[in-house]
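This is structure.pdb. It holds PDB, C-alpha atoms.
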```pdb
ATOM      1  CA  MET A   1     -40.706   0.824 100.171
ATOM      2  CA  ILE A   2     -37.660   1.396  97.921
ATOM      3  CA  ALA A   3     -38.254  -1.912  96.115
ATOM      4  CA  ALA A   4     -41.879  -0.954  95.404
ATOM      5  CA  PRO A   5     -42.785  -0.601  91.717
ATOM      6  CA  HIS A   6     -42.600   2.959  90.379
ATOM      7  CA  PHE A   7     -40.635   4.183  93.434
ATOM      8  CA  GLY A   8     -38.275   5.934  91.000
ATOM      9  CA  PHE A   9     -41.159   8.249  90.056
ATOM     10  CA  VAL A  10     -41.614   9.170  93.730
ATOM     11  CA  VAL A  11     -37.886   9.916  94.116
ATOM     12  CA  ALA A  12     -37.886  11.960  90.875
ATOM     13  CA  ALA A  13     -40.922  14.002  92.023
ATOM     14  CA  TYR A  14     -39.344  14.846  95.400
ATOM     15  CA  ALA A  15     -35.923  15.594  93.827
ATOM     16  CA  LEU A  16     -37.492  17.908  91.258
ATOM     17  CA  THR A  17     -39.510  19.698  93.957
ATOM     18  CA  ALA A  18     -36.421  20.124  96.159
ATOM     19  CA  ALA A  19     -34.350  21.424  93.219
ATOM     20  CA  THR A  20     -37.026  23.962  92.221
ATOM     21  CA  ILE A  21     -37.401  25.206  95.803
ATOM     22  CA  LEU A  22     -33.601  25.463  96.129
ATOM     23  CA  VAL A  23     -33.369  27.525  92.925
ATOM     24  CA  MET A  24     -36.047  29.922  94.269
ATOM     25  CA  ILE A  25     -34.244  30.329  97.615
ATOM     26  CA  VAL A  26     -30.791  30.830  96.028
ATOM     27  CA  ALA A  27     -32.136  33.356  93.477
ATOM     28  CA  ILE A  28     -33.861  35.465  96.165
ATOM     29  CA  VAL A  29     -30.927  35.343  98.626
ATOM     30  CA  ARG A  30     -28.367  36.204  95.902
ATOM     31  CA  ASP A  31     -30.554  39.097  94.725
ATOM     32  CA  TYR A  32     -30.804  40.392  98.320
ATOM     33  CA  ARG A  33     -27.041  40.175  98.864
ATOM     34  CA  ALA A  34     -26.287  41.937  95.566
ATOM     35  CA  LEU A  35     -28.801  44.735  96.310
ATOM     36  CA  SER A  36     -27.524  45.184  99.881
ATOM     37  CA  ALA A  37     -23.915  45.315  98.657
ATOM     38  CA  ALA A  38     -24.804  47.854  95.942
ATOM     39  CA  LEU A  39     -26.650  50.039  98.482
ATOM     40  CA  ASP A  40     -23.723  49.801 100.916
ATOM     41  CA  ARG A  41     -21.216  50.753  98.168
ATOM     42  CA  LEU A  42     -23.345  53.719  97.158
ATOM     43  CA  ALA A  43     -23.759  54.867 100.744
ATOM     44  CA  ALA A  44     -20.013  54.498 101.422
ATOM     45  CA  THR A  45     -19.003  56.439  98.290
ATOM     46  CA  ARG A  46     -21.465  59.247  98.912
ATOM     47  CA  GLY A  47     -20.440  59.366 102.571
ATOM     48  CA  ALA A  48     -16.758  59.589 101.583
ATOM     49  CA  GLU A  49     -17.499  62.384  99.085
ATOM     50  CA  ARG A  50     -19.195  64.364 101.828
ATOM     51  CA  GLY A  51     -16.293  63.643 104.211
ATOM     52  CA  GLU A  52     -18.508  61.588 106.577
TER      53      GLU A  52
ATOM     54  CA  MET B   1     -52.597  47.172 106.811
ATOM     55  CA  LEU B   2     -52.311  50.905 106.148
ATOM     56  CA  ASN B   3     -49.108  51.032 108.195
ATOM     57  CA  LEU B   4     -47.659  48.297 105.987
ATOM     58  CA  ALA B   5     -48.110  50.662 103.034
ATOM     59  CA  SER B   6     -44.932  52.331 104.192
ATOM     60  CA  PRO B   7     -41.886  50.491 102.798
ATOM     61  CA  THR B   8     -39.895  51.373 105.925
ATOM     62  CA  VAL B   9     -42.541  49.800 108.181
ATOM     63  CA  PHE B  10     -42.765  46.777 105.864
ATOM     64  CA  LEU B  11     -38.979  46.296 106.051
ATOM     65  CA  ALA B  12     -39.129  46.482 109.866
ATOM     66  CA  VAL B  13     -41.964  43.923 109.964
ATOM     67  CA  THR B  14     -39.985  41.643 107.609
ATOM     68  CA  ARG B  15     -36.906  41.976 109.827
ATOM     69  CA  ARG B  16     -38.961  40.834 112.829
ATOM     70  CA  THR B  17     -40.940  38.108 111.000
ATOM     71  CA  LEU B  18     -38.316  36.258 108.934
ATOM     72  CA  PRO B  19     -36.121  35.056 111.848
ATOM     73  CA  TRP B  20     -38.969  32.899 113.208
ATOM     74  CA  LEU B  21     -40.859  32.215 109.960
ATOM     75  CA  THR B  22     -37.831  30.602 108.300
ATOM     76  CA  PRO B  23     -37.164  27.961 111.004
ATOM     77  CA  ALA B  24     -40.942  27.416 111.385
ATOM     78  CA  THR B  25     -41.105  26.634 107.640
ATOM     79  CA  ALA B  26     -38.160  24.211 107.915
ATOM     80  CA  ALA B  27     -39.784  22.514 110.938
ATOM     81  CA  LEU B  28     -43.117  22.167 109.108
ATOM     82  CA  PHE B  29     -41.342  20.605 106.112
ATOM     83  CA  ALA B  30     -39.444  18.184 108.377
ATOM     84  CA  LEU B  31     -42.676  17.144 110.126
ATOM     85  CA  GLY B  32     -44.591  16.935 106.849
ATOM     86  CA  LEU B  33     -41.948  14.752 105.189
ATOM     87  CA  VAL B  34     -41.794  12.384 108.201
ATOM     88  CA  LEU B  35     -45.601  12.066 108.172
ATOM     89  CA  ALA B  36     -45.679  11.693 104.364
ATOM     90  CA  PHE B  37     -43.241   8.782 104.373
ATOM     91  CA  ALA B  38     -44.723   7.210 107.531
ATOM     92  CA  ALA B  39     -48.253   7.244 106.063
ATOM     93  CA  PRO B  40     -49.555   3.920 104.738
ATOM     94  CA  PRO B  41     -49.410   3.310 100.985
ATOM     95  CA  ASP B  42     -52.659   3.650  99.051
ATOM     96  CA  TYR B  43     -54.525   0.371  98.508
ATOM     97  CA  GLN B  44     -54.670   0.991  94.748
ATOM     98  CA  GLN B  45     -51.719   3.278  93.956
ATOM     99  CA  GLY B  46     -49.227   1.790  96.421
ATOM    100  CA  GLU B  47     -46.144   3.923  97.174
ATOM    101  CA  THR B  48     -46.833   6.193  94.186
ATOM    102  CA  VAL B  49     -49.447   8.037  96.251
ATOM    103  CA  ARG B  50     -46.557   9.759  98.106
ATOM    104  CA  ILE B  51     -46.203  12.082  95.087
ATOM    105  CA  MET B  52     -49.515  13.572  96.271
ATOM    106  CA  TYR B  53     -47.744  15.211  99.260
ATOM    107  CA  VAL B  54     -45.789  17.546  96.966
ATOM    108  CA  HIS B  55     -48.112  17.673  93.945
ATOM    109  CA  VAL B  56     -51.315  18.709  95.725
ATOM    110  CA  PRO B  57     -49.810  21.485  97.942
ATOM    111  CA  ALA B  58     -48.049  22.893  94.853
ATOM    112  CA  ALA B  59     -51.387  22.809  92.991
ATOM    113  CA  TRP B  60     -53.135  24.617  95.871
ATOM    114  CA  LEU B  61     -50.416  27.270  95.902
ATOM    115  CA  SER B  62     -50.503  27.749  92.128
ATOM    116  CA  THR B  63     -54.080  29.056  92.340
ATOM    117  CA  PHE B  64     -53.706  30.672  95.792
ATOM    118  CA  ILE B  65     -50.749  32.790  94.638
ATOM    119  CA  TYR B  66     -52.693  33.913  91.575
ATOM    120  CA  GLY B  67     -55.525  34.939  93.917
ATOM    121  CA  VAL B  68     -53.034  36.963  95.973
ATOM    122  CA  MET B  69     -51.747  38.582  92.771
ATOM    123  CA  THR B  70     -55.314  39.422  91.718
ATOM    124  CA  LEU B  71     -55.869  41.232  95.032
ATOM    125  CA  ALA B  72     -52.519  43.007  94.620
ATOM    126  CA  SER B  73     -53.556  44.072  91.104
ATOM    127  CA  LEU B  74     -56.740  45.591  92.526
ATOM    128  CA  GLY B  75     -54.484  47.288  95.063
ATOM    129  CA  THR B  76     -52.468  48.785  92.205
ATOM    130  CA  LEU B  77     -55.371  49.859  89.963
ATOM    131  CA  VAL B  78     -58.097  50.736  92.480
ATOM    132  CA  TRP B  79     -56.536  51.609  95.835
ATOM    133  CA  ARG B  80     -53.102  52.745  94.555
ATOM    134  CA  HIS B  81     -51.423  50.908  97.440
ATOM    135  CA  PRO B  82     -47.697  51.785  97.286
ATOM    136  CA  LEU B  83     -46.564  48.194  97.853
ATOM    137  CA  ALA B  84     -49.235  46.412  95.797
ATOM    138  CA  ASP B  85     -47.209  46.302  92.575
ATOM    139  CA  ALA B  86     -44.094  45.157  94.464
ATOM    140  CA  ALA B  87     -46.177  42.373  96.039
ATOM    141  CA  GLN B  88     -47.547  41.381  92.632
ATOM    142  CA  LYS B  89     -44.156  41.467  90.930
ATOM    143  CA  ALA B  90     -42.546  39.416  93.722
ATOM    144  CA  ALA B  91     -45.296  36.770  93.651
ATOM    145  CA  ALA B  92     -45.248  36.079  89.878
ATOM    146  CA  PRO B  93     -41.989  34.034  89.668
ATOM    147  CA  LEU B  94     -42.966  32.144  92.843
ATOM    148  CA  GLY B  95     -46.349  31.299  91.328
ATOM    149  CA  ALA B  96     -44.635  30.120  88.148
ATOM    150  CA  ALA B  97     -42.255  27.911  90.151
ATOM    151  CA  PHE B  98     -45.020  26.279  92.218
ATOM    152  CA  THR B  99     -47.138  25.737  89.093
ATOM    153  CA  PHE B 100     -44.096  24.136  87.435
ATOM    154  CA  ILE B 101     -43.736  21.796  90.456
ATOM    155  CA  CYS B 102     -47.453  20.963  90.167
ATOM    156  CA  LEU B 103     -47.214  20.183  86.430
ATOM    157  CA  ALA B 104     -43.937  18.231  86.627
ATOM    158  CA  THR B 105     -44.868  16.117  89.671
ATOM    159  CA  GLY B 106     -48.337  15.544  88.201
ATOM    160  CA  SER B 107     -46.685  14.287  85.043
ATOM    161  CA  LEU B 108     -44.433  11.954  87.080
ATOM    162  CA  TRP B 109     -47.543  10.697  88.922
ATOM    163  CA  GLY B 110     -49.503  10.312  85.685
ATOM    164  CA  LYS B 111     -47.043   7.997  83.961
ATOM    165  CA  PRO B 112     -47.342   5.055  86.402
ATOM    166  CA  MET B 113     -51.064   5.659  87.126
ATOM    167  CA  TRP B 114     -52.485   6.655  83.725
ATOM    168  CA  GLY B 115     -49.766   5.221  81.496
ATOM    169  CA  THR B 116     -48.880   8.647  80.086
ATOM    170  CA  TYR B 117     -46.991  11.752  81.195
ATOM    171  CA  TRP B 118     -49.492  14.134  79.628
ATOM    172  CA  VAL B 119     -53.046  14.290  78.308
ATOM    173  CA  TRP B 120     -54.840  17.378  77.015
ATOM    174  CA  ASP B 121     -57.628  17.114  79.550
ATOM    175  CA  ALA B 122     -59.333  20.198  80.973
ATOM    176  CA  ARG B 123     -57.539  20.269  84.361
ATOM    177  CA  LEU B 124     -54.047  19.741  82.957
ATOM    178  CA  THR B 125     -54.577  22.186  80.098
ATOM    179  CA  SER B 126     -56.024  24.930  82.332
ATOM    180  CA  VAL B 127     -53.078  24.585  84.755
ATOM    181  CA  LEU B 128     -50.673  24.780  81.794
ATOM    182  CA  ALA B 129     -52.481  27.980  80.729
ATOM    183  CA  LEU B 130     -52.026  29.309  84.292
ATOM    184  CA  PHE B 131     -48.298  28.544  84.059
ATOM    185  CA  LEU B 132     -48.054  30.398  80.739
ATOM    186  CA  VAL B 133     -49.859  33.426  82.223
ATOM    187  CA  TYR B 134     -47.332  33.454  85.085
ATOM    188  CA  LEU B 135     -44.456  33.357  82.583
ATOM    189  CA  GLY B 136     -46.146  36.134  80.576
ATOM    190  CA  LEU B 137     -46.359  38.306  83.698
ATOM    191  CA  VAL B 138     -42.688  37.728  84.538
ATOM    192  CA  ALA B 139     -41.763  38.634  80.948
ATOM    193  CA  LEU B 140     -44.004  41.731  81.048
ATOM    194  CA  TRP B 141     -42.320  43.039  84.200
ATOM    195  CA  ARG B 142     -38.913  42.553  82.575
ATOM    196  CA  SER B 143     -39.792  44.081  79.220
ATOM    197  CA  ILE B 144     -41.298  47.427  80.338
ATOM    198  CA  GLU B 145     -38.682  49.750  81.781
ATOM    199  CA  ASP B 146     -40.981  52.294  83.451
ATOM    200  CA  PRO B 147     -42.096  50.633  86.750
ATOM    201  CA  GLY B 148     -45.430  52.503  86.835
ATOM    202  CA  ARG B 149     -46.420  51.398  83.325
ATOM    203  CA  ALA B 150     -45.191  47.854  83.978
ATOM    204  CA  ALA B 151     -47.268  47.700  87.168
ATOM    205  CA  ARG B 152     -50.460  48.847  85.426
ATOM    206  CA  ALA B 153     -49.950  46.494  82.449
ATOM    207  CA  ALA B 154     -49.193  43.545  84.756
ATOM    208  CA  ALA B 155     -52.238  44.371  86.901
ATOM    209  CA  VAL B 156     -54.538  44.402  83.859
ATOM    210  CA  LEU B 157     -53.077  41.107  82.548
ATOM    211  CA  THR B 158     -53.439  39.539  86.022
ATOM    212  CA  LEU B 159     -57.112  40.572  86.226
ATOM    213  CA  VAL B 160     -57.770  39.174  82.734
ATOM    214  CA  GLY B 161     -55.958  35.947  83.634
ATOM    215  CA  CYS B 162     -57.963  35.405  86.836
ATOM    216  CA  VAL B 163     -60.837  34.182  84.614
ATOM    217  CA  ASN B 164     -58.801  30.958  84.455
ATOM    218  CA  LEU B 165     -59.000  30.336  88.233
ATOM    219  CA  PRO B 166     -62.583  28.975  88.342
ATOM    220  CA  ILE B 167     -61.814  26.984  85.184
ATOM    221  CA  VAL B 168     -58.848  25.323  86.952
ATOM    222  CA  LYS B 169     -60.942  24.623  90.065
ATOM    223  CA  PHE B 170     -64.128  23.361  88.408
ATOM    224  CA  SER B 171     -62.686  21.812  85.219
ATOM    225  CA  VAL B 172     -62.930  18.355  86.811
ATOM    226  CA  ASP B 173     -66.657  18.919  87.459
ATOM    227  CA  TRP B 174     -67.572  20.675  84.204
ATOM    228  CA  TRP B 175     -65.875  18.208  81.838
ATOM    229  CA  ASN B 176     -65.049  14.498  81.756
ATOM    230  CA  THR B 177     -61.395  14.489  82.709
ATOM    231  CA  LEU B 178     -58.775  11.839  83.359
ATOM    232  CA  HIS B 179     -57.802  13.890  86.421
ATOM    233  CA  GLN B 180     -59.740  12.914  89.549
ATOM    234  CA  PRO B 181     -62.315  15.330  91.037
ATOM    235  CA  ALA B 182     -61.606  17.335  94.226
ATOM    236  CA  SER B 183     -61.135  15.113  97.290
ATOM    237  CA  VAL B 184     -60.143  17.604 100.024
ATOM    238  CA  PHE B 185     -61.775  21.037  99.512
ATOM    239  CA  ARG B 186     -65.267  19.970  98.457
ATOM    240  CA  LEU B 187     -68.835  20.286  99.672
ATOM    241  CA  GLY B 188     -69.564  17.329 101.920
ATOM    242  CA  GLY B 189     -66.037  17.185 103.331
ATOM    243  CA  PRO B 190     -62.871  15.327 102.307
ATOM    244  CA  THR B 191     -63.182  11.856 100.804
ATOM    245  CA  ILE B 192     -59.551  11.004 101.481
ATOM    246  CA  ALA B 193     -58.641   8.681 104.407
ATOM    247  CA  PRO B 194     -57.474  10.537 107.566
ATOM    248  CA  GLN B 195     -54.144   8.628 107.561
ATOM    249  CA  LEU B 196     -53.369  10.222 104.190
ATOM    250  CA  LEU B 197     -55.166  13.530 104.836
ATOM    251  CA  TRP B 198     -53.147  14.709 107.873
ATOM    252  CA  PRO B 199     -49.711  14.455 106.215
ATOM    253  CA  LEU B 200     -51.192  16.244 103.199
ATOM    254  CA  LEU B 201     -52.524  19.107 105.350
ATOM    255  CA  VAL B 202     -49.173  19.475 107.159
ATOM    256  CA  MET B 203     -47.332  19.554 103.817
ATOM    257  CA  GLY B 204     -49.896  22.097 102.577
ATOM    258  CA  LEU B 205     -49.100  24.278 105.612
ATOM    259  CA  ALA B 206     -45.351  23.850 104.980
ATOM    260  CA  PHE B 207     -45.734  24.957 101.347
ATOM    261  CA  LEU B 208     -47.831  27.944 102.459
ATOM    262  CA  ALA B 209     -45.176  28.936 105.024
ATOM    263  CA  LEU B 210     -42.485  28.566 102.347
ATOM    264  CA  PHE B 211     -44.413  30.858 100.011
ATOM    265  CA  ALA B 212     -44.933  33.421 102.802
ATOM    266  CA  THR B 213     -41.201  33.366 103.632
ATOM    267  CA  LEU B 214     -40.017  33.678 100.033
ATOM    268  CA  TRP B 215     -42.657  36.286  99.202
ATOM    269  CA  LEU B 216     -41.671  38.520 102.134
ATOM    270  CA  MET B 217     -38.020  38.196 101.089
ATOM    271  CA  ALA B 218     -38.839  38.971  97.442
ATOM    272  CA  VAL B 219     -40.991  42.024  98.327
ATOM    273  CA  ARG B 220     -38.122  43.249 100.539
ATOM    274  CA  ASN B 221     -35.811  42.859  97.509
ATOM    275  CA  GLU B 222     -38.205  44.955  95.411
ATOM    276  CA  ILE B 223     -38.202  47.730  98.021
ATOM    277  CA  LEU B 224     -34.391  47.688  98.129
ATOM    278  CA  ARG B 225     -34.258  47.710  94.297
ATOM    279  CA  ARG B 226     -36.439  50.833  94.208
ATOM    280  CA  ARG B 227     -34.405  52.487  96.927
ATOM    281  CA  LEU B 228     -31.226  51.709  94.946
ATOM    282  CA  ALA B 229     -32.786  53.061  91.736
ATOM    283  CA  ARG B 230     -33.797  56.304  93.482
ATOM    284  CA  LEU B 231     -30.392  56.792  95.127
ATOM    285  CA  THR B 232     -28.603  55.926  91.872
ATOM    286  CA  MET B 233     -30.603  58.586  90.029
ATOM    287  CA  ILE B 234     -29.744  61.156  92.676
ATOM    288  CA  ALA B 235     -26.071  60.120  92.499
ATOM    289  CA  ALA B 236     -26.123  60.279  88.688
ATOM    290  CA  ALA B 237     -27.673  63.750  88.806
ATOM    291  CA  GLU B 238     -24.826  64.821  91.071
ATOM    292  CA  GLY B 239     -22.251  63.333  88.638
ATOM    293  CA  ASP B 240     -21.281  60.354  90.786
ATOM    294  CA  ALA B 241     -19.135  57.940  88.692
ATOM    295  CA  LEU B 242     -20.312  54.938  90.738
ATOM    296  CA  ALA B 243     -23.909  55.491  89.668
ATOM    297  CA  ARG B 244     -23.520  53.913  86.204
ATOM    298  CA  PRO B 245     -22.688  50.311  87.241
ATOM    299  CA  LEU B 246     -25.248  50.456  90.065
ATOM    300  CA  ALA B 247     -27.966  51.524  87.660
ATOM    301  CA  ALA B 248     -27.723  48.134  85.963
ATOM    302  CA  ARG B 249     -28.392  46.350  89.273
ATOM    303  CA  SER B 250     -31.313  48.607  90.182
ATOM    304  CA  GLN B 251     -33.072  47.837  86.891
ATOM    305  CA  GLY B 252     -32.442  44.080  87.037
ATOM    306  CA  ALA B 253     -34.927  41.210  87.607
TER     307      ALA B 253
END
```
Represent the structure from my file as structure tokens, please.
Amino acid sequence: MIAAPHFGFVVAAYALTAATILVMIVAIVRDYRALSAALDRLAATRGAERGE
Amino acid sequence: MLNLASPTVFLAVTRRTLPWLTPATAALFALGLVLAFAAPPDYQQGETVRIMYVHVPAAWLSTFIYGVMTLASLGTLVWRHPLADAAQKAAAPLGAAFTFICLATGSLWGKPMWGTYWVWDARLTSVLALFLVYLGLVALWRSIEDPGRAARAAAVLTLVGCVNLPIVKFSVDWWNTLHQPASVFRLGGPTIAPQLLWPLLVMGLAFLALFATLWLMAVRNEILRRRLARLTMIAAAEGDALARPLAARSQGA
């Protein structure tokens, strides 16, 4: 299979697909973590101000 | 459906759904990839036909996601569904990414089969136009600060852009194109051999599950972003010093 002509195009197509999917997953997970951390910080500060 | 209009209920549903949807997506991809590489090579295209197992599902999703966004736009403009604009906003970058995969893998398939990476034929050009509309929607969401105005503008642009969907689908029938006509979703049934069709359908399901997973996660992010924006405004009104740096995060992406 690997020695087949044009197999490099197959590898490139799958690598590009995997990279694009990985970028989507990382972007969404990082966004979620940043938003959760910001909400937690806000809740902690406001709780501390109220003496909770 | 009406219950899901509540962000709190949606977050609870997401919390219950994602723990099994994520491994199910991974399992579908594992099965699809095994089937895709175990399938026989095409009698004309040889091993190159394996590009089909990522190109075609990405192409299906590129139009499917736009259809979902069109419904969400109607939800924003007609039914005023509270989560419709979040659903539309979350789907736009995903649609752009899957359309990019479709265009790039199609180009990598075209070079060995057609002798060129790109031709301005009706199918390729209409999919490129779809990609540009997706990018336009992402840019629109980022450029208008007021979420309500951004939602209405994006909904109108989405509805205008949905004119392109039948052009993408039927371009191969309406014009003489280098791109082949439909071979799976067509009247009269699929023309593709079952040994190649089953891996393609499993990969299609895997891509659909991936979109569902990422979309739920992205809509959840939008709900959290709005919650953060609301709480930041309340904190700022009360003179909270922490509110300023958090405001930047709540307006991002």
Practice prompt. Taking the file as shown, find all residues satisfying the PyMOL selection byres ((chain A) within 8 of (chain B)) and write them as a list of chain:residue names.
Written response: A:Met1, A:Ala4, A:Pro5, A:His6, A:Phe7, A:Phe9, A:Val10, A:Ala12, A:Ala13, A:Tyr14, A:Leu16, A:Thr17, A:Thr20, A:Ile21, A:Met24, A:Ile25, A:Ile28, A:Asp31, A:Tyr32, A:Ala34, A:Leu35, A:Ser36, A:Ala38, A:Leu39, A:Leu42, A:Thr45, A:Arg46
Worksheet item: Suppose you want the space between CA of Phe64 (chain B) and CA of Arg123 (chain B); what is it in Å?
Response: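 CA of Arg123 (chain B) lies at a distance of 15.9 Å from CA of Phe64 (chain B).
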Item to complete: Just the residues within 7 Å of region 160-174 of chain B, please, counting only C-alpha atoms, with nothing from its chain fewer than 6 positions along; format it as JSON, numbers by chain.
Response: {"B": [63, 70, 122, 123, 126, 127, 130, 133, 180, 181]}
Worksheet entry | CA of Leu35 (chain B) to CA of Ala96 (chain B), straight-line distance in Å |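 Interatomic distance, CA of Ala96 (chain B) to CA of Leu35 (chain B): 27.0 Å.
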Item to complete: Please measure the separation of CA of Ala27 (chain A) and CA of Leu31 (chain B), giving the value in Å to one decimal.
Response: 25.5 Å
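Put simply, the PyMOL selection byres ((chain B and resi 36) around 9) in this file takes in Leu31, Gly32, Leu33, Val34, Leu35, Phe37, Ala38, Ala39, Pro40, Arg50, Tyr53, Leu196, Trp198, Pro199, Leu200, Val202 and Met203 of chain B.
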Emit as AutoDock Vina command-line options the padded axis-aligned box for all listed atoms of region 11-25 of chain A, 6 Å per side, with centre and edge lengths in Å to one decimal.
```
--center_x -37.1 --center_y 20.1 --center_z 94.2 --size_x 19.6 --size_y 32.4 --size_z 18.7
```
Practice prompt. Between B:Leu135, B:Ala237, B:Leu140, B:Ala87, single out the one closest to Ala72 (chain B), counting only C-alpha atoms.
Written response: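 Among the listed residues, B:Ala87 lies closest to Ala72 (chain B).
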Worksheet entry | Of the listed residues B:Phe185, B:Arg149, B:Phe29, B:Thr14, that which approaches Ala18 (chain A) most closely, counting all atoms listed in the file |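 For Ala18 (chain A), the nearest of the candidates is B:Phe29.
Of the residues listed (B:Gly136, B:Leu205, B:Pro194, B:Ser62), B:Leu205 shows the shortest atom-to-atom separation from Ala30 (chain B); distances use all atoms listed in the file.
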Could I get region 4-22 of chain A rebuilt with N, CA and C atoms, written as a PDB file, in the coordinates of the input?
```pdb
ATOM      1  N   ALA A   4     -40.518  -1.007  95.947  1.00  0.00           N
ATOM      2  CA  ALA A   4     -41.879  -0.954  95.404  1.00  0.00           C
ATOM      3  C   ALA A   4     -41.842  -0.521  93.933  1.00  0.00           C
ATOM      4  N   PRO A   5     -42.764  -1.017  93.119  1.00  0.00           N
ATOM      5  CA  PRO A   5     -42.785  -0.601  91.717  1.00  0.00           C
ATOM      6  C   PRO A   5     -43.061   0.899  91.603  1.00  0.00           C
ATOM      7  N   HIS A   6     -42.429   1.525  90.648  1.00  0.00           N
ATOM      8  CA  HIS A   6     -42.600   2.959  90.379  1.00  0.00           C
ATOM      9  C   HIS A   6     -42.008   3.863  91.452  1.00  0.00           C
ATOM     10  N   PHE A   7     -41.177   3.317  92.381  1.00  0.00           N
ATOM     11  CA  PHE A   7     -40.635   4.183  93.434  1.00  0.00           C
ATOM     12  C   PHE A   7     -39.711   5.251  92.843  1.00  0.00           C
ATOM     13  N   GLY A   8     -39.117   4.946  91.690  1.00  0.00           N
ATOM     14  CA  GLY A   8     -38.275   5.934  91.000  1.00  0.00           C
ATOM     15  C   GLY A   8     -39.044   7.205  90.670  1.00  0.00           C
ATOM     16  N   PHE A   9     -40.334   7.063  90.348  1.00  0.00           N
ATOM     17  CA  PHE A   9     -41.159   8.249  90.056  1.00  0.00           C
ATOM     18  C   PHE A   9     -41.340   9.109  91.309  1.00  0.00           C
ATOM     19  N   VAL A  10     -41.464   8.444  92.467  1.00  0.00           N
ATOM     20  CA  VAL A  10     -41.614   9.170  93.730  1.00  0.00           C
ATOM     21  C   VAL A  10     -40.330   9.944  94.015  1.00  0.00           C
ATOM     22  N   VAL A  11     -39.180   9.270  93.865  1.00  0.00           N
ATOM     23  CA  VAL A  11     -37.886   9.916  94.116  1.00  0.00           C
ATOM     24  C   VAL A  11     -37.702  11.100  93.158  1.00  0.00           C
ATOM     25  N   ALA A  12     -38.033  10.890  91.873  1.00  0.00           N
ATOM     26  CA  ALA A  12     -37.886  11.960  90.875  1.00  0.00           C
ATOM     27  C   ALA A  12     -38.764  13.155  91.224  1.00  0.00           C
ATOM     28  N   ALA A  13     -39.991  12.912  91.684  1.00  0.00           N
ATOM     29  CA  ALA A  13     -40.922  14.002  92.023  1.00  0.00           C
ATOM     30  C   ALA A  13     -40.375  14.822  93.190  1.00  0.00           C
ATOM     31  N   TYR A  14     -39.874  14.130  94.233  1.00  0.00           N
ATOM     32  CA  TYR A  14     -39.344  14.846  95.400  1.00  0.00           C
ATOM     33  C   TYR A  14     -38.049  15.581  95.050  1.00  0.00           C
ATOM     34  N   ALA A  15     -37.185  14.949  94.219  1.00  0.00           N
ATOM     35  CA  ALA A  15     -35.923  15.594  93.827  1.00  0.00           C
ATOM     36  C   ALA A  15     -36.201  16.852  93.013  1.00  0.00           C
ATOM     37  N   LEU A  16     -37.148  16.755  92.101  1.00  0.00           N
ATOM     38  CA  LEU A  16     -37.492  17.908  91.258  1.00  0.00           C
ATOM     39  C   LEU A  16     -38.079  19.048  92.107  1.00  0.00           C
ATOM     40  N   THR A  17     -38.924  18.683  93.060  1.00  0.00           N
ATOM     41  CA  THR A  17     -39.510  19.698  93.957  1.00  0.00           C
ATOM     42  C   THR A  17     -38.415  20.382  94.774  1.00  0.00           C
ATOM     43  N   ALA A  18     -37.505  19.563  95.339  1.00  0.00           N
ATOM     44  CA  ALA A  18     -36.421  20.124  96.159  1.00  0.00           C
ATOM     45  C   ALA A  18     -35.538  21.037  95.319  1.00  0.00           C
ATOM     46  N   ALA A  19     -35.221  20.618  94.091  1.00  0.00           N
ATOM     47  CA  ALA A  19     -34.350  21.424  93.219  1.00  0.00           C
ATOM     48  C   ALA A  19     -35.017  22.758  92.881  1.00  0.00           C
ATOM     49  N   THR A  20     -36.315  22.728  92.577  1.00  0.00           N
ATOM     50  CA  THR A  20     -37.026  23.962  92.221  1.00  0.00           C
ATOM     51  C   THR A  20     -37.073  24.925  93.411  1.00  0.00           C
ATOM     52  N   ILE A  21     -37.348  24.367  94.596  1.00  0.00           N
ATOM     53  CA  ILE A  21     -37.401  25.206  95.803  1.00  0.00           C
ATOM     54  C   ILE A  21     -36.018  25.808  96.082  1.00  0.00           C
ATOM     55  N   LEU A  22     -34.980  24.995  95.896  1.00  0.00           N
ATOM     56  CA  LEU A  22     -33.601  25.463  96.129  1.00  0.00           C
ATOM     57  C   LEU A  22     -33.246  26.601  95.174  1.00  0.00           C
TER      58      LEU A  22
END
```
